[in-house]
Each structure stands twice: as C-alpha cells, then as structure tokens.
file my_file01.txt (compact mmCIF, C-alpha atoms)
# COMPACT_ATOMS: atom_id res chain seq x y z
CA MET B 737 88.07 119.58 33.38
CA PRO B 738 88.04 123.41 33.39
CA THR B 739 86.15 124.93 36.30
CA ALA B 740 83.98 127.56 34.58
CA LYS B 741 83.57 129.39 31.31
CA VAL B 742 81.55 132.53 30.66
CA LEU B 743 80.11 133.39 27.26
CA THR B 744 79.06 137.02 26.96
CA LEU B 745 76.43 137.67 24.30
CA ASP B 746 75.63 141.05 22.80
CA GLY B 747 72.76 142.56 20.83
CA GLU B 748 69.91 140.70 19.16
CA ILE B 749 70.13 136.91 19.28
CA ASP B 750 67.91 135.94 16.39
CA PHE B 751 67.81 133.56 13.44
CA HIS B 752 70.79 135.30 11.84
CA LEU B 753 73.09 135.24 14.88
CA SER B 754 71.94 131.98 16.51
CA PRO B 755 74.27 129.74 14.46
CA GLU B 756 77.27 131.76 15.65
CA VAL B 757 76.09 131.57 19.27
CA ALA B 758 75.51 127.82 18.89
CA ALA B 759 79.06 127.36 17.58
CA SER B 760 80.47 129.34 20.53
CA ILE B 761 78.51 127.27 23.03
CA ARG B 762 79.54 124.02 21.32
CA ALA B 763 83.21 125.07 21.50
CA ILE B 764 82.88 125.77 25.23
CA VAL B 765 80.94 122.57 25.95
CA ALA B 766 83.50 120.48 24.03
CA ASN B 767 86.00 121.28 26.81
CA LYS B 768 83.48 120.05 29.42
CA PRO B 769 83.80 122.82 31.99
CA LYS B 770 82.11 122.20 35.31
CA ARG B 771 80.03 125.34 34.85
CA VAL B 772 78.91 127.24 31.73
CA VAL B 773 77.52 130.73 32.32
CA VAL B 774 75.88 132.72 29.52
CA ASP B 775 76.00 136.45 30.28
CA LEU B 776 72.86 138.09 28.86
CA SER B 777 73.54 141.58 30.22
CA LYS B 778 74.02 143.05 26.73
CA VAL B 779 71.30 141.05 24.95
CA THR B 780 68.45 143.27 23.80
CA TYR B 781 66.34 140.66 21.96
CA LEU B 782 66.07 136.87 21.85
CA ASP B 783 63.85 134.91 19.48
CA SER B 784 62.87 131.23 19.41
CA SER B 785 66.06 130.24 17.60
CA GLY B 786 68.08 131.89 20.37
CA LEU B 787 66.04 130.01 23.00
CA ALA B 788 66.64 126.76 21.12
CA VAL B 789 70.41 127.36 21.15
CA LEU B 790 70.37 127.99 24.91
CA ILE B 791 68.27 124.87 25.54
CA ASP B 792 70.64 122.80 23.40
CA GLY B 793 73.63 124.20 25.27
CA MET B 794 72.03 123.39 28.61
CA GLN B 795 71.19 119.83 27.56
CA ASN B 796 74.69 119.20 26.18
CA THR B 797 76.26 120.56 29.36
CA GLN B 798 74.04 118.42 31.57
CA GLU B 799 74.89 115.30 29.53
CA TYR B 800 78.45 115.27 30.89
CA GLY B 801 77.40 116.41 34.38
CA GLY B 802 78.15 120.12 34.02
CA GLU B 803 75.96 123.01 35.10
CA PHE B 804 74.55 125.58 32.68
CA SER B 805 73.21 128.91 33.85
CA LEU B 806 72.14 132.30 32.60
CA ALA B 807 73.20 135.58 34.18
CA ALA B 808 72.19 139.24 34.10
CA MET B 809 69.04 138.76 32.05
CA GLN B 810 67.49 142.05 30.95
CA GLU B 811 63.92 142.63 32.14
CA ASN B 812 62.59 142.76 28.58
CA LEU B 813 63.77 139.14 28.04
CA ARG B 814 62.05 137.71 31.12
CA PRO B 815 58.57 137.39 29.55
CA ILE B 816 60.01 135.30 26.71
CA PHE B 817 61.35 132.79 29.24
CA GLU B 818 58.25 132.95 31.45
CA ILE B 819 55.76 132.35 28.61
CA ALA B 820 57.65 129.22 27.60
CA CYS B 821 58.09 128.24 31.32
CA LEU B 822 61.84 128.27 30.71
CA ASP B 823 62.36 130.39 33.81
CA GLN B 824 61.60 127.11 35.63
CA VAL B 825 64.15 125.17 33.55
CA PHE B 826 67.21 127.44 33.49
CA LYS B 827 69.20 128.50 36.51
CA VAL B 828 69.08 132.31 36.27
CA PHE B 829 71.36 134.53 38.36
CA PRO B 830 71.28 138.31 38.76
CA ASP B 831 74.88 138.65 37.50
CA VAL B 832 77.88 136.61 36.40
CA GLU B 833 79.59 136.89 39.78
CA CYS B 834 76.61 135.26 41.51
CA ALA B 835 76.49 132.50 38.89
CA LEU B 836 80.17 131.76 39.39
CA ALA B 837 79.91 131.99 43.17
CA ALA B 838 76.94 129.60 43.29
CA ASP B 839 79.29 126.62 43.38
CA ALA B 840 81.45 128.22 46.05
CA ILE B 841 78.38 128.90 48.20
CA ALA B 842 77.12 125.33 47.76
CA VAL B 843 80.55 123.97 48.60
CA ARG B 844 80.74 125.99 51.80
CA ALA B 845 77.25 124.85 52.78
CA ASN B 846 78.15 121.16 52.72
CA GLY B 847 81.73 121.68 53.89
CA SER B 848 83.17 118.95 51.69
CA ARG B 849 85.49 121.10 49.56
CA THR B 850 87.28 124.42 49.59
CA ALA B 851 85.66 127.26 47.69
CA LYS B 852 87.53 128.51 44.63
CA ASN B 853 87.48 131.76 42.70
CA PHE B 854 87.38 131.42 38.96
CA ALA B 855 86.45 133.24 35.78
CA PHE B 856 86.94 132.98 32.03
CA SER B 857 85.44 135.09 29.31
CA GLN B 858 84.93 134.30 25.67
CA ASN B 859 83.53 136.96 23.36
call {"tool": "encode", "arguments": {"input": "my_file01.txt", "output": "structure tokens"}}
result
Amino acid sequence: MPTAKVLTLDGEIDFHLSPEVAASIRAIVANKPKRVVVDLSKVTYLDSSGLAVLIDGMQNTQEYGGEFSLAAMQENLRPIFEIACLDQVFKVFPDVECALAADAIAVRANGSRTAKNFAFSQN
C-alpha cells in the first residue's frame, strides 16, 4: 500500500471539470494509499458537483481504511464548506506539508512506529 498521494487541483472545480477530478481521485484511490491529500491552494471556485466529488473520494478512501484530507483551502472556499457543515466532516490542513506530516506527528505521539517523510504529486 502506497503511503501518501497528493492531488493538486487548479482553477474552477465545477460541473464541467468535476468528472475529470472524480476520475483522478478514483485512480488514486484504486491504489489504496494510506493517505490521500487534495491540494486546494490553486482552486478559485468549487460548486456542489465539486463538493460531491470530494465527499465521494473521502468515502471511498475511508472504505479501505485510508485517510482523506484537504490542504491549503483558499479563504473564499471556506464558506461553501461551512454552510454545508463539511468543515466538520473533512480533515482540513493549512498546507500539504502539514497534511502529510499529520501521520508522522501522530506516530511520534504514540511512539509505536517511526515517522516517515513522503510525498507524491499527480497533476
């Protein structure tokens, strides 16, 4: 099982682009990485179809025991997540590095494993 995969999204994630994003997430999830991080740093807009794709990706990742998180969310996207109470559902990190390090921090806290550095990007 791969350790982590990062999907960096760019621009407006709407009805027209959501199928492409969904296919990218499905391809990543098919490999069952321990952690899936979606980098939203370059996303300027997200509609309900984009939210649905992220929810689906999170659910599919959780089905096999993986962790799904969002990173570097732009301030203009936050209200979309808050209105739908999705800020309570998704793990949201300030940047990709923090999302990837979250496992390393948790591992150090319980002392059961050695922390690892990892990264993978898919555009």
call {"tool": "residues_around", "arguments": {"input": "my_file01.txt", "residues": "Phe804 of chain B", "least_positions_apart": "4", "cutoff": "12 Å", "atoms": "all atoms listed in the file", "output": "PyMOL selection string"}}
result
chain B and resi 740-743+761+764-765+768-775+790-800+825-829+835-836+838-839
call {"tool": "residues_around", "arguments": {"input": "my_file01.txt", "residues": "Leu753 of chain B", "least_positions_apart": "3", "cutoff": "12 Å", "atoms": "all atoms listed in the file", "output": "MDAnalysis selection string"}}
result
chainID B and resid 745:750 756:760 779 781:787 789
call {"tool": "closest_residue", "arguments": {"input": "my_file01.txt", "among": "B:Pro755, B:Gly801, B:Pro830, B:Pro738", "to": "Ser777 of chain B", "atoms": "only C-alpha atoms"}}
result
B:Pro830
call {"tool": "closest_residue", "arguments": {"input": "my_file01.txt", "among": "B:Val832, B:Ala788, B:Ile819, B:Ala763", "to": "Leu776 of chain B", "atoms": "only C-alpha atoms"}}
result
B:Val832
call {"tool": "atom_distance", "arguments": {"input": "my_file01.txt", "atom1": "atom CA of Gln824 of chain B", "atom2": "atom CA of Leu806 of chain B"}}
result
12.1 Å
call {"tool": "atom_distance", "arguments": {"input": "my_file01.txt", "atom1": "atom CA of Ala807 of chain B", "atom2": "atom CA of Lys778 of chain B"}}
result
10.6 Å
